[in-house]
file start_34.txt (compact mmCIF, C-alpha atoms)
# COMPACT_ATOMS: atom_id res chain seq x y z
CA MET H 92 50.81 -28.18 -35.91
CA ARG H 93 47.30 -26.83 -36.27
CA ARG H 94 45.91 -25.29 -33.11
CA THR H 95 42.68 -26.96 -32.16
CA PHE H 96 39.61 -25.26 -30.79
CA HIS H 97 40.48 -26.52 -27.31
CA ASP H 98 44.07 -25.24 -27.57
CA ASP H 99 42.66 -21.81 -28.29
CA LEU H 100 40.06 -22.10 -25.55
CA ASP H 101 42.78 -23.09 -23.07
CA ALA H 102 44.85 -20.06 -24.07
CA LEU H 103 41.82 -17.89 -23.47
CA ARG H 104 41.28 -19.57 -20.11
CA GLY H 105 44.88 -18.67 -19.21
CA LEU H 106 44.04 -15.02 -19.72
CA LEU H 107 40.89 -15.38 -17.61
CA ILE H 108 42.97 -16.88 -14.78
CA VAL H 109 45.27 -13.85 -14.80
CA MET H 110 42.23 -11.56 -14.84
CA ALA H 111 40.59 -13.43 -11.93
CA ALA H 112 43.83 -13.25 -9.90
CA HIS H 113 43.97 -9.53 -10.62
CA VAL H 114 40.43 -8.78 -9.42
CA THR H 115 40.95 -10.97 -6.33
CA SER H 116 44.03 -8.98 -5.42
CA ALA H 117 42.20 -5.71 -6.18
CA MET H 118 39.44 -6.65 -3.74
CA ARG H 119 41.93 -7.64 -1.04
CA SER H 120 43.74 -4.31 -1.39
CA ALA H 121 40.47 -2.35 -1.51
CA SER H 122 39.30 -3.97 1.73
CA ARG H 123 42.65 -3.25 3.38
CA ALA H 124 42.42 0.35 2.21
CA LEU H 125 38.94 0.59 3.66
CA LEU H 126 39.46 -1.19 6.96
CA ASP H 127 43.09 -0.30 7.77
CA GLY H 128 43.11 3.14 6.19
CA ASP H 129 45.88 2.08 3.81
CA ARG H 130 45.97 5.01 1.40
CA ALA H 131 48.64 3.59 -0.90
CA ALA H 132 46.59 0.42 -1.36
CA ALA H 133 43.50 2.46 -2.26
CA THR H 134 45.39 4.54 -4.82
CA ALA H 135 46.89 1.43 -6.39
CA VAL H 136 43.50 -0.28 -6.76
CA VAL H 137 41.99 2.77 -8.48
CA ALA H 138 45.01 3.11 -10.78
CA ASP H 139 45.10 -0.61 -11.63
CA ASP H 140 41.47 -0.79 -12.70
CA ALA H 141 42.50 0.36 -16.17
CA ALA H 142 44.65 -2.79 -16.43
CA VAL H 143 41.57 -4.96 -15.82
CA ASP H 144 39.66 -3.08 -18.53
CA GLU H 145 42.64 -3.65 -20.83
CA MET H 146 42.61 -7.37 -20.02
CA ARG H 147 38.95 -7.50 -20.99
CA ALA H 148 39.77 -5.94 -24.35
CA GLN H 149 42.62 -8.43 -24.82
CA ALA H 150 40.36 -11.35 -23.94
CA GLU H 151 37.77 -10.15 -26.46
CA ASP H 152 40.52 -9.88 -29.09
CA LYS H 153 41.44 -13.48 -28.34
CA VAL H 154 37.80 -14.52 -28.64
CA CYS H 155 37.57 -12.88 -32.05
CA GLU H 156 40.79 -14.60 -33.19
CA LEU H 157 39.47 -17.90 -31.92
CA LEU H 158 36.11 -17.49 -33.69
CA ALA H 159 37.78 -16.48 -36.94
CA ARG H 160 40.34 -19.31 -36.84
CA GLN H 161 38.18 -22.16 -35.56
CA GLN H 162 34.71 -21.12 -36.72
CA PRO H 163 33.13 -23.20 -33.98
CA VAL H 164 29.49 -24.21 -34.07
CA ALA H 165 26.93 -25.66 -31.64
CA THR H 166 28.30 -26.39 -28.15
CA ASP H 167 31.75 -25.00 -28.92
CA LEU H 168 30.17 -21.71 -29.87
CA ARG H 169 28.26 -21.67 -26.59
CA LEU H 170 31.54 -22.07 -24.74
CA VAL H 171 32.94 -19.02 -26.47
CA VAL H 172 29.88 -16.96 -25.59
CA ALA H 173 30.22 -18.20 -21.98
CA SER H 174 33.81 -16.97 -21.92
CA LEU H 175 32.59 -13.51 -22.97
CA HIS H 176 30.22 -13.53 -20.00
CA VAL H 177 33.17 -14.40 -17.76
CA VAL H 178 35.30 -11.49 -18.98
CA GLY H 179 32.34 -9.14 -18.51
CA ASP H 180 31.78 -10.33 -14.93
CA LEU H 181 35.48 -10.18 -14.04
CA GLU H 182 35.74 -6.65 -15.37
CA ARG H 183 32.78 -5.60 -13.20
CA MET H 184 34.42 -7.22 -10.17
CA GLY H 185 37.45 -5.01 -10.82
CA ASP H 186 35.20 -1.94 -11.07
CA LEU H 187 33.53 -2.77 -7.76
CA ALA H 188 36.88 -3.15 -5.97
CA ALA H 189 37.82 0.28 -7.36
CA HIS H 190 34.52 1.76 -6.10
CA ILE H 191 35.33 0.51 -2.59
CA ALA H 192 38.85 1.94 -2.79
CA LYS H 193 37.43 5.30 -3.95
CA ILE H 194 35.18 5.58 -0.88
CA ALA H 195 38.21 4.77 1.34
CA LEU H 196 40.17 7.53 -0.43
CA LEU H 197 37.34 10.07 -0.14
CA ARG H 198 37.21 9.69 3.67
CA HIS H 199 40.95 9.30 4.27
CA PRO H 200 42.51 9.85 6.83
CA ALA H 201 39.17 9.20 8.57
CA ARG H 202 37.72 5.70 8.31
CA ALA H 203 34.64 5.35 6.09
CA VAL H 204 33.28 2.48 8.19
CA PRO H 205 32.08 3.36 11.70
CA ALA H 206 33.43 1.12 14.48
CA GLU H 207 30.13 -0.69 15.14
CA LEU H 208 29.91 -1.80 11.48
CA THR H 209 33.54 -2.86 11.08
CA GLY H 210 32.75 -6.45 12.01
CA VAL H 211 30.12 -6.86 9.30
CA ILE H 212 32.24 -5.21 6.64
CA GLU H 213 35.23 -7.38 7.64
CA GLU H 214 33.02 -10.43 7.17
CA MET H 215 31.90 -9.19 3.74
CA ALA H 216 35.51 -8.50 2.76
CA ARG H 217 36.57 -11.97 3.87
CA VAL H 218 33.74 -13.67 1.94
CA ALA H 219 34.35 -11.57 -1.19
CA GLU H 220 38.03 -12.43 -1.31
CA SER H 221 37.37 -16.10 -0.63
CA MET H 222 34.76 -16.20 -3.43
CA ALA H 223 37.13 -14.59 -5.90
CA TRP H 224 39.82 -17.18 -5.04
CA LYS H 225 37.32 -19.94 -5.65
CA VAL H 226 36.54 -18.49 -9.07
CA ALA H 227 40.26 -18.46 -9.91
CA ARG H 228 40.47 -22.03 -8.59
CA VAL H 229 37.66 -23.34 -10.76
CA LEU H 230 39.28 -21.63 -13.75
CA GLU H 231 42.69 -23.03 -12.93
CA ILE H 232 42.18 -26.58 -11.77
CA GLN H 233 38.63 -27.07 -13.02
CA ASP H 234 37.41 -28.09 -9.60
CA VAL H 235 33.67 -27.77 -10.09
CA SER H 236 32.85 -28.67 -6.48
CA VAL H 237 33.27 -25.01 -5.57
CA ALA H 238 29.96 -24.12 -7.29
CA ALA H 239 27.93 -25.28 -4.29
CA GLU H 240 30.36 -23.50 -1.94
CA LEU H 241 29.95 -20.28 -3.88
CA ASP H 242 26.18 -20.47 -3.58
CA ARG H 243 26.54 -20.80 0.20
CA ASP H 244 29.07 -17.96 0.29
CA ASP H 245 26.63 -15.82 -1.66
CA ASP H 246 23.92 -16.55 0.92
CA THR H 247 26.36 -15.49 3.66
CA MET H 248 27.05 -12.28 1.76
CA ASP H 249 23.35 -11.54 1.25
CA GLU H 250 22.72 -12.10 4.94
CA ALA H 251 25.59 -9.76 5.90
CA HIS H 252 24.21 -7.13 3.49
CA ARG H 253 20.74 -7.43 5.06
CA LEU H 254 22.22 -7.26 8.58
CA LEU H 255 24.27 -4.20 7.76
CA LEU H 256 21.28 -2.31 6.32
CA GLN H 257 19.24 -3.27 9.40
CA ARG H 258 21.96 -2.09 11.80
CA LEU H 259 22.22 1.17 9.88
CA VAL H 260 18.53 1.85 10.30
CA GLU H 261 18.37 0.72 13.94
CA GLY H 262 21.61 2.36 15.02
CA SER H 263 21.81 6.00 15.92
CA SER H 264 25.46 6.53 16.70
CA HIS H 265 26.58 7.19 13.11
CA GLY H 266 25.76 10.13 10.90
CA VAL H 267 24.06 10.11 7.53
CA GLN H 268 27.40 10.26 5.66
CA ALA H 269 28.59 7.08 7.34
CA ALA H 270 25.22 5.43 6.68
CA VAL H 271 25.30 6.36 2.99
CA ASP H 272 28.90 5.16 2.64
CA ALA H 273 28.12 1.91 4.43
CA ALA H 274 25.01 1.23 2.32
CA LEU H 275 26.98 1.73 -0.89
CA LEU H 276 29.98 -0.29 0.34
CA SER H 277 27.70 -3.13 1.34
CA ARG H 278 26.04 -3.00 -2.06
CA PHE H 279 29.46 -3.16 -3.80
CA TYR H 280 30.51 -6.25 -1.82
CA GLU H 281 27.17 -7.90 -2.49
CA ARG H 282 27.41 -7.20 -6.25
CA TYR H 283 31.00 -8.49 -6.30
CA ALA H 284 29.71 -11.75 -4.82
CA ASP H 285 26.90 -11.93 -7.41
CA HIS H 286 29.43 -11.57 -10.23
CA ALA H 287 31.65 -14.23 -8.64
CA VAL H 288 28.74 -16.69 -8.63
CA SER H 289 27.81 -15.79 -12.19
CA THR H 290 31.44 -16.19 -13.31
CA ALA H 291 31.80 -19.56 -11.62
CA LYS H 292 28.62 -20.88 -13.28
CA GLN H 293 29.90 -19.87 -16.70
CA VAL H 294 33.35 -21.27 -15.98
CA ILE H 295 31.90 -24.60 -14.90
CA TYR H 296 30.03 -24.71 -18.18
CA LEU H 297 33.26 -23.77 -19.90
CA VAL H 298 35.25 -26.60 -18.30
CA THR H 299 32.62 -29.35 -18.23
CA GLY H 300 30.72 -28.49 -21.40
CA ARG H 301 33.52 -29.65 -23.64
CA PRO H 302 33.05 -32.93 -25.45
CA GLY H 303 34.81 -35.79 -23.64
CA ASN H 304 35.01 -33.79 -20.43
CA LYS H 305 38.79 -33.68 -20.62
CA MET G 886 17.67 -16.69 -51.12
CA ARG G 887 20.72 -16.93 -48.89
CA ARG G 888 20.58 -14.73 -45.83
CA THR G 889 23.56 -12.43 -45.74
CA PHE G 890 25.49 -11.45 -42.66
CA HIS G 891 23.74 -8.08 -42.64
CA ASP G 892 20.28 -9.68 -42.91
CA ASP G 893 21.09 -11.67 -39.79
CA LEU G 894 22.58 -8.67 -38.03
CA ASP G 895 19.44 -6.65 -38.81
CA ALA G 896 17.24 -9.42 -37.39
CA LEU G 897 19.34 -9.34 -34.24
CA ARG G 898 19.02 -5.56 -34.13
CA GLY G 899 15.23 -6.00 -34.25
CA LEU G 900 15.40 -8.04 -31.06
CA LEU G 901 17.63 -5.42 -29.43
CA ILE G 902 15.05 -2.72 -30.29
CA VAL G 903 12.31 -4.71 -28.54
CA MET G 904 14.61 -5.22 -25.56
CA ALA G 905 15.49 -1.51 -25.40
CA ALA G 906 11.80 -0.55 -25.55
CA HIS G 907 11.13 -3.00 -22.74
CA VAL G 908 13.78 -1.62 -20.39
CA THR G 909 12.71 1.96 -21.18
CA SER G 910 9.16 1.10 -20.22
CA ALA G 911 10.39 -0.76 -17.11
CA MET G 912 12.25 2.34 -15.96
CA ARG G 913 9.24 4.59 -16.58
CA SER G 914 7.02 2.27 -14.52
CA ALA G 915 9.63 1.91 -11.79
CA SER G 916 9.91 5.69 -11.44
CA ARG G 917 6.11 6.02 -11.33
CA ALA G 918 5.98 3.32 -8.68
CA LEU G 919 8.60 5.16 -6.67
CA LEU G 920 7.35 8.72 -7.03
CA ASP G 921 3.56 8.20 -7.23
CA GLY G 922 3.36 5.16 -4.96
CA ASP G 923 1.89 3.08 -7.80
CA ARG G 924 2.03 -0.41 -6.30
CA ALA G 925 0.70 -2.22 -9.37
CA ALA G 926 3.40 -0.61 -11.52
CA ALA G 927 6.09 -1.73 -9.07
CA THR G 928 4.83 -5.31 -9.00
CA ALA G 929 4.66 -5.43 -12.80
CA VAL G 930 8.26 -4.20 -13.19
CA VAL G 931 9.59 -6.81 -10.79
CA ALA G 932 7.57 -9.58 -12.49
CA ASP G 933 8.56 -8.48 -16.00
CA ASP G 934 12.29 -8.54 -15.30
CA ALA G 935 12.33 -12.26 -16.10
CA ALA G 936 11.12 -11.37 -19.61
CA VAL G 937 14.17 -9.16 -20.12
CA ASP G 938 16.46 -11.96 -18.97
CA GLU G 939 14.68 -14.27 -21.41
CA MET G 940 15.20 -11.72 -24.23
CA ARG G 941 18.91 -11.72 -23.44
CA ALA G 942 18.99 -15.51 -23.76
CA GLN G 943 17.09 -15.28 -27.07
CA ALA G 944 19.46 -12.64 -28.38
CA GLU G 945 22.45 -14.80 -27.48
CA ASP G 946 20.81 -17.74 -29.27
CA LYS G 947 20.47 -15.54 -32.34
CA VAL G 948 24.10 -14.51 -32.06
CA CYS G 949 25.17 -18.16 -31.96
CA GLU G 950 23.00 -18.96 -35.01
CA LEU G 951 24.46 -15.98 -36.82
CA LEU G 952 28.05 -16.97 -36.00
CA ALA G 953 27.45 -20.57 -37.04
CA ARG G 954 25.68 -19.63 -40.29
CA GLN G 955 27.80 -16.71 -41.42
CA GLN G 956 31.15 -17.47 -39.80
CA PRO G 957 32.06 -13.81 -39.93
CA VAL G 958 35.63 -12.58 -39.55
CA ALA G 959 37.43 -9.29 -38.88
CA THR G 960 35.11 -6.28 -38.59
CA ASP G 961 31.93 -8.34 -38.91
CA LEU G 962 33.01 -10.43 -35.97
CA ARG G 963 33.61 -7.26 -33.95
CA LEU G 964 30.05 -6.20 -34.69
CA VAL G 965 28.72 -9.46 -33.30
CA VAL G 966 30.78 -9.07 -30.12
CA ALA G 967 29.48 -5.48 -29.85
CA SER G 968 25.90 -6.78 -30.04
CA LEU G 969 26.66 -9.11 -27.09
CA HIS G 970 27.79 -6.09 -25.09
CA VAL G 971 24.51 -4.40 -25.96
CA VAL G 972 22.36 -7.30 -24.73
CA GLY G 973 24.41 -7.44 -21.53
CA ASP G 974 23.93 -3.72 -20.88
CA LEU G 975 20.21 -3.80 -21.69
CA GLU G 976 19.69 -6.71 -19.33
CA ARG G 977 21.42 -4.77 -16.54
CA MET G 978 19.20 -1.75 -17.25
CA GLY G 979 16.19 -4.03 -16.72
CA ASP G 980 17.68 -5.28 -13.43
CA LEU G 981 18.23 -1.72 -12.21
CA ALA G 982 14.62 -0.73 -12.99
CA ALA G 983 13.53 -3.79 -10.99
CA HIS G 984 15.79 -2.76 -8.07
CA ILE G 985 14.10 0.65 -7.99
CA ALA G 986 10.64 -0.95 -8.10
CA LYS G 987 11.62 -3.27 -5.23
CA ILE G 988 12.54 -0.33 -2.96
CA ALA G 989 9.18 1.29 -3.83
CA LEU G 990 7.42 -1.97 -2.88
CA LEU G 991 9.37 -2.37 0.38
CA ARG G 992 8.24 1.05 1.62
CA HIS G 993 4.70 0.99 0.21
CA PRO G 994 2.27 2.54 1.18
CA ALA G 995 4.83 5.05 2.49
CA ARG G 996 7.01 6.82 -0.06
CA ALA G 997 10.66 5.77 -0.18
CA VAL G 998 11.77 9.24 -1.28
CA PRO G 999 11.46 12.04 1.30
CA ALA G 1000 9.74 15.21 0.05
CA GLU G 1001 12.89 17.34 -0.05
CA LEU G 1002 14.60 14.84 -2.38
CA THR G 1003 11.66 14.26 -4.72
CA GLY G 1004 12.80 16.99 -7.12
CA VAL G 1005 16.26 15.46 -7.63
CA ILE G 1006 14.89 11.93 -8.05
CA GLU G 1007 12.28 13.21 -10.52
CA GLU G 1008 15.10 14.77 -12.52
CA MET G 1009 17.05 11.50 -12.46
CA ALA G 1010 13.95 9.57 -13.52
CA ARG G 1011 13.35 11.99 -16.39
CA VAL G 1012 16.95 11.78 -17.60
CA ALA G 1013 17.05 7.99 -17.29
CA GLU G 1014 13.91 7.52 -19.38
CA SER G 1015 15.05 10.03 -21.97
CA MET G 1016 18.44 8.27 -22.25
CA ALA G 1017 16.80 4.90 -22.73
CA TRP G 1018 14.59 6.33 -25.50
CA LYS G 1019 17.66 7.68 -27.22
CA VAL G 1020 19.28 4.25 -27.10
CA ALA G 1021 16.17 2.75 -28.72
CA ARG G 1022 16.28 5.55 -31.29
CA VAL G 1023 19.87 4.95 -32.26
CA LEU G 1024 19.08 1.25 -32.59
CA GLU G 1025 15.97 1.90 -34.65
CA ILE G 1026 16.79 4.74 -37.02
CA GLN G 1027 20.56 4.63 -36.68
CA ASP G 1028 20.70 8.29 -35.71
CA VAL G 1029 24.22 8.53 -34.37
CA SER G 1030 23.89 12.20 -33.37
CA VAL G 1031 22.42 11.08 -30.04
CA ALA G 1032 25.83 9.90 -28.84
CA ALA G 1033 26.90 13.42 -27.89
CA GLU G 1034 23.47 14.03 -26.30
CA LEU G 1035 23.85 10.91 -24.20
CA ASP G 1036 27.23 12.04 -22.93
CA ARG G 1037 25.63 15.33 -21.83
CA ASP G 1038 22.70 13.46 -20.26
CA ASP G 1039 25.16 11.29 -18.38
CA ASP G 1040 26.89 14.40 -17.02
CA THR G 1041 23.48 15.68 -15.87
CA MET G 1042 22.82 12.36 -14.16
CA ASP G 1043 26.23 12.33 -12.44
CA GLU G 1044 25.63 15.87 -11.21
CA ALA G 1045 22.18 14.93 -9.85
CA HIS G 1046 23.72 11.89 -8.12
CA ARG G 1047 26.39 14.11 -6.54
CA LEU G 1048 23.78 16.69 -5.49
CA LEU G 1049 21.55 14.06 -3.94
CA LEU G 1050 24.38 12.54 -1.88
CA GLN G 1051 25.38 16.03 -0.74
CA ARG G 1052 21.81 16.92 0.27
CA LEU G 1053 21.55 13.66 2.18
CA VAL G 1054 24.61 14.45 4.22
CA GLU G 1055 23.73 18.11 4.77
CA GLY G 1056 20.04 17.55 5.46
CA SER G 1057 18.80 16.47 8.84
CA SER G 1058 15.06 16.09 8.32
CA HIS G 1059 15.15 12.50 7.06
CA GLY G 1060 16.09 9.38 8.95
CA VAL G 1061 18.81 6.88 8.16
CA GLN G 1062 16.38 4.52 6.37
CA ALA G 1063 15.38 7.25 3.94
CA ALA G 1064 19.03 8.22 3.45
CA VAL G 1065 20.05 4.63 2.72
CA ASP G 1066 17.13 4.17 0.31
CA ALA G 1067 17.90 7.43 -1.46
CA ALA G 1068 21.62 6.65 -1.79
CA LEU G 1069 20.85 3.26 -3.35
CA LEU G 1070 18.11 4.66 -5.62
CA SER G 1071 20.43 7.38 -6.81
CA ARG G 1072 23.12 4.79 -7.48
CA PHE G 1073 20.65 2.68 -9.50
CA TYR G 1074 19.66 5.64 -11.70
CA GLU G 1075 23.29 6.58 -12.19
CA ARG G 1076 24.22 3.02 -13.21
CA TYR G 1077 21.24 2.84 -15.57
CA ALA G 1078 22.60 5.97 -17.27
CA ASP G 1079 26.10 4.47 -17.50
CA HIS G 1080 24.70 1.38 -19.21
CA ALA G 1081 22.67 3.56 -21.60
CA VAL G 1082 25.86 5.39 -22.65
CA SER G 1083 27.75 2.13 -23.01
CA THR G 1084 24.92 0.62 -25.07
CA ALA G 1085 24.70 3.62 -27.37
CA LYS G 1086 28.46 3.52 -28.02
CA GLN G 1087 28.30 -0.13 -29.00
CA VAL G 1088 25.17 0.45 -31.12
CA ILE G 1089 26.83 3.30 -32.98
CA TYR G 1090 29.69 0.97 -33.74
CA LEU G 1091 27.15 -1.62 -34.77
CA VAL G 1092 25.37 0.70 -37.21
CA THR G 1093 28.34 2.64 -38.58
CA GLY G 1094 31.02 -0.05 -38.44
CA ARG G 1095 29.52 -1.92 -41.35
CA PRO G 1096 31.29 -1.66 -44.69
CA GLY G 1097 29.74 0.95 -46.96
CA ASN G 1098 27.97 2.61 -44.02
CA LYS G 1099 24.54 1.58 -45.35

call {"tool": "encode", "arguments": {"input": "start_34.txt", "output": "structure tokens"}}
result
Amino acid sequence: MRRTFHDDLDALRGLLIVMAAHVTSAMRSASRALLDGDRAAATAVVADDAAVDEMRAQAEDKVCELLARQQPVATDLRLVVASLHVVGDLERMGDLAAHIAKIALLRHPARAVPAELTGVIEEMARVAESMAWKVARVLEIQDVSVAAELDRDDDTMDEAHRLLLQRLVEGSSHGVQAAVDAALLSRFYERYADHAVSTAKQVIYLVTGRPGNK
Amino acid sequence: MRRTFHDDLDALRGLLIVMAAHVTSAMRSASRALLDGDRAAATAVVADDAAVDEMRAQAEDKVCELLARQQPVATDLRLVVASLHVVGDLERMGDLAAHIAKIALLRHPARAVPAELTGVIEEMARVAESMAWKVARVLEIQDVSVAAELDRDDDTMDEAHRLLLQRLVEGSSHGVQAAVDAALLSRFYERYADHAVSTAKQVIYLVTGRPGNK
């Protein structure tokens, strides 16, 4: 039986779900590495980032196959371009988890995050992981209600980022190394959240933009 | 006369050249804003970032038109996907220039970069602008010899980034605010360079991957 455009798009979506699950797990491990000093978790996240890059390449292969086989036009074509945005964002989320794990590794066995900032970073870690799960959820069960939640989560993340930078500047008990690490870590969490929002918006387009809204 | 695939691809390349020139100019202005305290330049970079985002949307529209009209397959399809990578990278380069301009604005009329770090940031600014020009050059005259140069430039940038972080940690004459600003600025320059390398690689594929190597 001939594969339809939507069969192919669903197959592609399957790959995106696996990729989203992977970058969610990478962020959870990176945060554990950072906050609990789990060296093995940090090493695994850095090593596994290549797998995410490989998944991006596979997803782009699938997109090319889909375009060649279905030759979609108009809205269908837009959906395919949206899926390319999603793979790009997910790959960056994987990179950012690896950046966090690398800072944890660099400071190991010491902790990169000074005690007085642990609470804020824990909050950022919690929000980042929750956002990534929501992205996987919207991909998997096409629950578009999470879009509004993700916007609120992103506000929470931005506020935590602002608070952390303010505490860094006002505090005096940590050295410059800790301040530099914390500023970069905070930036990585904040960017991860931005990519999660961007991914979710594209996914919602991907799942609602189809004719008939299956 | 029927437009061929390569006519359409060249038209798309024209848009990418304009976009590359724009993000090169944005980075030059952002660096001037940062290093010379040029407030007007900073404001203009932040305001103009929306234009870069708009160019990305236009380029993606052109890609969709091209795909619908030409229905390319195999290598031609790869070239189109490569061009989408290029627009994504260029848009990020515009964002990063805007991030640098925003830090300059936040600290104005004070300078965000402490005197002892000005030399390193000047070097990073110089390398970033030069890299962006090379990307525009490879897009415009299809001079693929710049690829090796860009790899060397990227090494120079990475080394400057490493040096700056080291000086931050070793130095004691600047406060935490300056250290946080400098770490983020350095990160933005380093990312800009990464995107320039990534763009150039895709562009080289775009200009040499065509059959007959026109």

call {"tool": "atom_distance", "arguments": {"input": "start_34.txt", "atom1": "CA of Ala983 (chain G)", "atom2": "CA of Ala1085 (chain G)"}}
result
21.2 Å

call {"tool": "closest_atom_pairs", "arguments": {"input": "start_34.txt", "of": "chain H", "to": "chain G", "cutoff": "6 Å", "atoms": "all atoms listed in the file", "output": "CSV"}}
result
residue,atom,partner,partner_atom,distance
H:Ala159,CA,G:Val958,CA,5.2
H:Gln162,CA,G:Gln956,CA,6.0
H:Val164,CA,G:Ala953,CA,5.1
H:Val260,CA,G:Gln1062,CA,5.2
H:Val267,CA,G:Val1054,CA,5.5
H:Gln268,CA,G:Val1054,CA,5.2
H:Val271,CA,G:Val1065,CA,5.5

call {"tool": "write_last_selection", "arguments": {"input": "start_34.txt", "atoms": "C-alpha atoms", "output": "compact mmCIF listing (two decimals), in the coordinates of the input"}}
result
# COMPACT_ATOMS: atom_id res chain seq x y z
CA ALA H 159 37.78 -16.48 -36.94
CA GLN H 162 34.71 -21.12 -36.72
CA VAL H 164 29.49 -24.21 -34.07
CA VAL H 260 18.53 1.85 10.30
CA VAL H 267 24.06 10.11 7.53
CA GLN H 268 27.40 10.26 5.66
CA VAL H 271 25.30 6.36 2.99

call {"tool": "closest_residue", "arguments": {"input": "start_34.txt", "among": "H:Ala173, H:Val218, H:Ala195, H:Val288", "to": "Asp127 (chain H)", "atoms": "all atoms listed in the file"}}
result
H:Ala195

call {"tool": "atom_distance", "arguments": {"input": "start_34.txt", "atom1": "CA of Tyr1090 (chain G)", "atom2": "CA of Lys1019 (chain G)"}}
result
15.2 Å

call {"tool": "residues_around", "arguments": {"input": "start_34.txt", "residues": "Asp1040 (chain G)", "least_positions_apart": "3", "cutoff": "12 Å", "atoms": "only C-alpha atoms", "output": "PyMOL selection string"}}
result
chain G and resi 1009+1012-1013+1016+1033-1037+1043-1047+1075+1078-1079+1082

call {"tool": "write_last_selection", "arguments": {"input": "start_34.txt", "atoms": "C-alpha atoms", "output": "mmCIF file, in the coordinates of the input"}}
result
data_model
loop_
_atom_site.group_PDB
_atom_site.id
_atom_site.type_symbol
_atom_site.label_atom_id
_atom_site.label_comp_id
_atom_site.auth_asym_id
_atom_site.auth_seq_id
_atom_site.Cartn_x
_atom_site.Cartn_y
_atom_site.Cartn_z
ATOM 1 C CA MET G 1009 17.050 11.500 -12.460
ATOM 2 C CA VAL G 1012 16.950 11.780 -17.600
ATOM 3 C CA ALA G 1013 17.050 7.990 -17.290
ATOM 4 C CA MET G 1016 18.440 8.270 -22.250
ATOM 5 C CA ALA G 1033 26.900 13.420 -27.890
ATOM 6 C CA GLU G 1034 23.470 14.030 -26.300
ATOM 7 C CA LEU G 1035 23.850 10.910 -24.200
ATOM 8 C CA ASP G 1036 27.230 12.040 -22.930
ATOM 9 C CA ARG G 1037 25.630 15.330 -21.830
ATOM 10 C CA ASP G 1043 26.230 12.330 -12.440
ATOM 11 C CA GLU G 1044 25.630 15.870 -11.210
ATOM 12 C CA ALA G 1045 22.180 14.930 -9.850
ATOM 13 C CA HIS G 1046 23.720 11.890 -8.120
ATOM 14 C CA ARG G 1047 26.390 14.110 -6.540
ATOM 15 C CA GLU G 1075 23.290 6.580 -12.190
ATOM 16 C CA ALA G 1078 22.600 5.970 -17.270
ATOM 17 C CA ASP G 1079 26.100 4.470 -17.500
ATOM 18 C CA VAL G 1082 25.860 5.390 -22.650
#

call {"tool": "residues_around", "arguments": {"input": "start_34.txt", "residues": "Thr928 (chain G)", "least_positions_apart": "4", "cutoff": "9 Å", "atoms": "all atoms listed in the file", "output": "compact mmCIF listing (two decimals) with C-alpha atoms, in the frame of the given file"}}
result
# COMPACT_ATOMS: atom_id res chain seq x y z
CA ALA G 918 5.98 3.32 -8.68
CA ASP G 923 1.89 3.08 -7.80
CA ARG G 924 2.03 -0.41 -6.30
CA ALA G 932 7.57 -9.58 -12.49
CA ASP G 933 8.56 -8.48 -16.00
CA ALA G 986 10.64 -0.95 -8.10
CA LYS G 987 11.62 -3.27 -5.23
CA LEU G 990 7.42 -1.97 -2.88

call {"tool": "residues_around", "arguments": {"input": "start_34.txt", "residues": "Val143 (chain H)", "least_positions_apart": "3", "cutoff": "12 Å", "atoms": "all atoms listed in the file", "output": "JSON, numbers by chain"}}
result
{"H": [106, 107, 109, 110, 111, 112, 113, 114, 115, 116, 117, 136, 137, 138, 139, 140, 146, 147, 148, 149, 150, 178, 179, 180, 181, 182, 183, 184, 185, 186, 187, 188, 189]}

call {"tool": "atom_distance", "arguments": {"input": "start_34.txt", "atom1": "CA of His891 (chain G)", "atom2": "CA of Glu1025 (chain G)"}}
result
15.0 Å

call {"tool": "residues_around", "arguments": {"input": "start_34.txt", "residues": "Phe890 (chain G)", "least_positions_apart": "2", "cutoff": "8 Å", "atoms": "all atoms listed in the file", "output": "count of residues only"}}
result
7

call {"tool": "closest_residue", "arguments": {"input": "start_34.txt", "among": "H:Leu170, H:Ala135, H:Met248, H:Val298", "to": "Val211 (chain H)", "atoms": "all atoms listed in the file"}}
result
H:Met248
